[in-house]
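Heads up: the structure comes next, in structure tokens.
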Amino acid sequence: MSDPVQPVPGKEPVPPTVHPAETRYARQTDFAGDGWRVFKIMAEFVNGFEKMSDTGPAVSVFGSTRVRPGSIEYTASEEIGRALATNGFSVITGGGPGVMEAANKGAQQAGGVSIGFNIELPNQQRPNPYIDRDRLVTFQYFFVRKVMFLKYSQAFVVLPGGFGTMDELSEAITLIQTQKSRRFPVILMGSDYWEGFYRWIRNTMLGERNYISGEDMDFIFMEDDPETVIGIIREFCPEGFKLNF
């Protein structure tokens, strides 16, 4: 520990520098205080609910923004978007590039409803061009956006992705496990990528540690074929489709 600064005779001691509170995150909103921010949050919910009010059965497709056209993941996402639209499902994505763009593209080219829940980010994520013009909803808050995904989706199809994809996947299975949402299928598409993760859940989390119950695996699937994915979704909801909450 350094010695305290000794005062210089005849001079007033200089007070320590006081750094202002961190304002970087506060500046991300156009409202000055937390109380007013509530209205911004409420407005995002209202806007989303109004845009989605007449949406029929829908499936959310998640995955990395970093995949490129022509890659295996891009092609798979385009195929599942097309298959969902052909079978009467609207397709919801996070509105950005990569896997999201591919799913929206497949849905739109098949004549289906193509929806994008875009998010404002510091690097300015741009909505992809395959979202229906009246079906683009832009959010500032991640938690509002995740509520919208869960409320309007009859299933989640999760292609290879990073932290954001894992966040959306974990949110869904947690809410289903805790019965905050009705049970719906969460389908990991891309077994080469997901097999280790899926086996770890089944063998370690469930088998070795008993941190989850066997029934917690009943709604998690791993599948590569788009038509099989459609079959899982339809079989899971034989009584018809409805909002999760």
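Here, A, B, ... name the chains of the structure tokens in the order displayed, residue numbers run from 1 inside each chain, and ligands are numbered from 1 in the same displayed order.
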Task: Within 9 Å of range 235-237 of chain A using only C-alpha atoms, minus same-chain residues under 5 positions, as a VMD selection string - done: chain A and resid 154 183 to 185 219 230
TODO: Please run DSSP on the backbone and report, as a ChimeraX atom specification, all residues within range 160-241 of chain A that come out as strand (DSSP E).
DONE: /A:186-188,220-222
Task: Option closest in space to Arg66 in chain A, from A:Glu101, A:Glu79, A:Glu44, A:Glu215 [counting only C-alpha atoms] - done: A:Glu101
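Pairwise distance (CA of Asp218 in chain A, CA of Val186 in chain A) equals 9.6 Å.
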Task: Using only C-alpha atoms: which of A:Tyr198, A:Tyr74, A:Phe89, A:Trp36 has the shortest distance to Leu159 in chain A - done: A:Tyr74
So that I can see what lies close to Thr174 in chain A, please list as an mmCIF file with N, CA and C atoms, in the first residue's frame the residues with an atom at most 12 Å from it, counting only C-alpha atoms and leaving out residues fewer than 2 positions away in the same chain.
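See result05.cif below for the written result:
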```cif
data_model
loop_
_atom_site.group_PDB
_atom_site.id
_atom_site.type_symbol
_atom_site.label_atom_id
_atom_site.label_comp_id
_atom_site.auth_asym_id
_atom_site.auth_seq_id
_atom_site.Cartn_x
_atom_site.Cartn_y
_atom_site.Cartn_z
ATOM 1 N N LEU A 150 -41.578 -15.951 -27.249
ATOM 2 C CA LEU A 150 -42.231 -17.025 -26.501
ATOM 3 C C LEU A 150 -43.747 -16.948 -26.608
ATOM 4 N N MET A 166 -27.804 -19.463 -27.610
ATOM 5 C CA MET A 166 -27.886 -20.214 -26.354
ATOM 6 C C MET A 166 -28.811 -19.523 -25.357
ATOM 7 N N ASP A 167 -28.807 -18.201 -25.357
ATOM 8 C CA ASP A 167 -29.672 -17.446 -24.461
ATOM 9 C C ASP A 167 -31.136 -17.710 -24.781
ATOM 10 N N GLU A 168 -31.486 -17.658 -26.056
ATOM 11 C CA GLU A 168 -32.868 -17.895 -26.463
ATOM 12 C C GLU A 168 -33.283 -19.334 -26.198
ATOM 13 N N LEU A 169 -32.383 -20.270 -26.445
ATOM 14 C CA LEU A 169 -32.656 -21.680 -26.170
ATOM 15 C C LEU A 169 -32.882 -21.907 -24.681
ATOM 16 N N SER A 170 -31.981 -21.367 -23.851
ATOM 17 C CA SER A 170 -32.084 -21.572 -22.403
ATOM 18 C C SER A 170 -33.342 -20.928 -21.836
ATOM 19 N N GLU A 171 -33.690 -19.752 -22.337
ATOM 20 C CA GLU A 171 -34.899 -19.076 -21.875
ATOM 21 C C GLU A 171 -36.127 -19.946 -22.108
ATOM 22 N N ALA A 172 -36.208 -20.530 -23.290
ATOM 23 C CA ALA A 172 -37.378 -21.343 -23.628
ATOM 24 C C ALA A 172 -37.486 -22.569 -22.742
ATOM 25 N N ILE A 176 -40.449 -23.454 -19.909
ATOM 26 C CA ILE A 176 -41.267 -24.663 -20.043
ATOM 27 C C ILE A 176 -41.095 -25.551 -18.814
ATOM 28 N N GLN A 177 -39.852 -25.747 -18.369
ATOM 29 C CA GLN A 177 -39.587 -26.602 -17.207
ATOM 30 C C GLN A 177 -40.296 -26.082 -15.960
ATOM 31 N N THR A 178 -40.304 -24.762 -15.775
ATOM 32 C CA THR A 178 -40.908 -24.172 -14.585
ATOM 33 C C THR A 178 -42.399 -23.894 -14.751
ATOM 34 N N GLN A 179 -42.963 -24.312 -15.886
ATOM 35 C CA GLN A 179 -44.382 -24.180 -16.172
ATOM 36 C C GLN A 179 -44.845 -22.719 -16.235
ATOM 37 N N LYS A 180 -43.927 -21.824 -16.587
ATOM 38 C CA LYS A 180 -44.309 -20.444 -16.868
ATOM 39 C C LYS A 180 -44.807 -20.310 -18.306
ATOM 40 N N SER A 181 -44.544 -21.318 -19.119
ATOM 41 C CA SER A 181 -45.037 -21.373 -20.480
ATOM 42 C C SER A 181 -45.585 -22.775 -20.709
ATOM 43 N N ARG A 182 -46.510 -22.898 -21.618
ATOM 44 C CA ARG A 182 -46.981 -24.238 -21.959
ATOM 45 C C ARG A 182 -45.849 -24.996 -22.643
ATOM 46 N N ARG A 183 -45.971 -26.301 -22.690
ATOM 47 C CA ARG A 183 -44.939 -27.136 -23.298
ATOM 48 C C ARG A 183 -45.046 -27.069 -24.819
ATOM 49 N N PHE A 184 -43.947 -26.760 -25.455
ATOM 50 C CA PHE A 184 -43.888 -26.773 -26.911
ATOM 51 C C PHE A 184 -42.522 -27.308 -27.317
ATOM 52 N N VAL A 186 -38.838 -27.794 -28.642
ATOM 53 C CA VAL A 186 -37.606 -27.056 -28.902
ATOM 54 C C VAL A 186 -36.701 -28.007 -29.669
ATOM 55 N N ILE A 212 -31.929 -32.331 -13.521
ATOM 56 C CA ILE A 212 -33.225 -32.156 -14.173
ATOM 57 C C ILE A 212 -33.975 -33.479 -14.096
ATOM 58 N N ASP A 216 -38.127 -33.479 -18.411
ATOM 59 C CA ASP A 216 -37.582 -32.241 -18.973
ATOM 60 C C ASP A 216 -36.948 -32.451 -20.335
ATOM 61 N N MET A 217 -36.726 -33.707 -20.689
ATOM 62 C CA MET A 217 -36.185 -34.016 -22.013
ATOM 63 C C MET A 217 -37.282 -34.293 -23.034
ATOM 64 N N PHE A 219 -39.529 -32.502 -24.361
ATOM 65 C CA PHE A 219 -39.853 -31.469 -25.341
ATOM 66 C C PHE A 219 -38.616 -30.980 -26.093
ATOM 67 N N ILE A 220 -37.453 -31.578 -25.831
ATOM 68 C CA ILE A 220 -36.220 -31.196 -26.513
ATOM 69 C C ILE A 220 -35.864 -32.280 -27.534
#
```
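You will find CA of Arg68 in chain A at 12.9 Å from CA of Asn128 in chain A.
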- [ ] Run DSSP on the backbone and give me the residues of range 42-224 of chain A it puts in alpha helix (DSSP H), as a PyMOL selection string.
- [x] chain A and resi 42-52+72-86+99-109+142-152+163-177+191-199
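One distance worth recording is that between CA of Gly48 in chain A and CA of Asn87 in chain A, which is 24.4 Å.
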Open item on the list: Please list as a list in words every residue within 8 Å of Gly106 in chain A, counting only C-alpha atoms and excluding residues in the same chain fewer than 6 positions away.
Closed with: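 In the requested format, the answer is Ser77, Glu78, Glu79, Ile80, Gly81, Arg82, Ala83 and Ala85 of chain A.
Using only C-alpha atoms, the smallest distance between any of A:Lys242, A:Arg209, A:Arg37, A:Arg133 and Ser114 in chain A comes from A:Arg133.
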Mind running range 90-116 of chain A against range 49-54 of chain A at 12 Å and telling me each contacting residue's nearest atom pair with the distance in Å (one decimal), counting only C-alpha atoms, chain and number ascending, as JSON lines?
```
{"residue": "A:Ser90", "atom": "CA", "partner": "A:Met52", "partner_atom": "CA", "distance": 10.8}
{"residue": "A:Ile92", "atom": "CA", "partner": "A:Met52", "partner_atom": "CA", "distance": 10.6}
{"residue": "A:Val113", "atom": "CA", "partner": "A:Met52", "partner_atom": "CA", "distance": 11.3}
{"residue": "A:Ser114", "atom": "CA", "partner": "A:Met52", "partner_atom": "CA", "distance": 11.7}
{"residue": "A:Ile115", "atom": "CA", "partner": "A:Met52", "partner_atom": "CA", "distance": 9.1}
{"residue": "A:Gly116", "atom": "CA", "partner": "A:Met52", "partner_atom": "CA", "distance": 10.9}
```
For range 55-137 of chain A against range 145-148 of chain A, with a cut-off of 9 Å and counting only C-alpha atoms, what is the closest atom pair and its distance in Å to one decimal for every residue that makes the cut, ordered by chain and number, as CSV?
```
residue,atom,partner,partner_atom,distance
A:Gly94,CA,A:Arg145,CA,8.7
A:Phe117,CA,A:Arg145,CA,6.8
A:Asn118,CA,A:Arg145,CA,8.2
A:Ile119,CA,A:Arg145,CA,7.7
```
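The nearest approach to Ala102 in chain A among the residues A:Pro57, A:Pro69, A:Pro226, A:Gly231, with only C-alpha atoms taken into account, belongs to A:Pro69.
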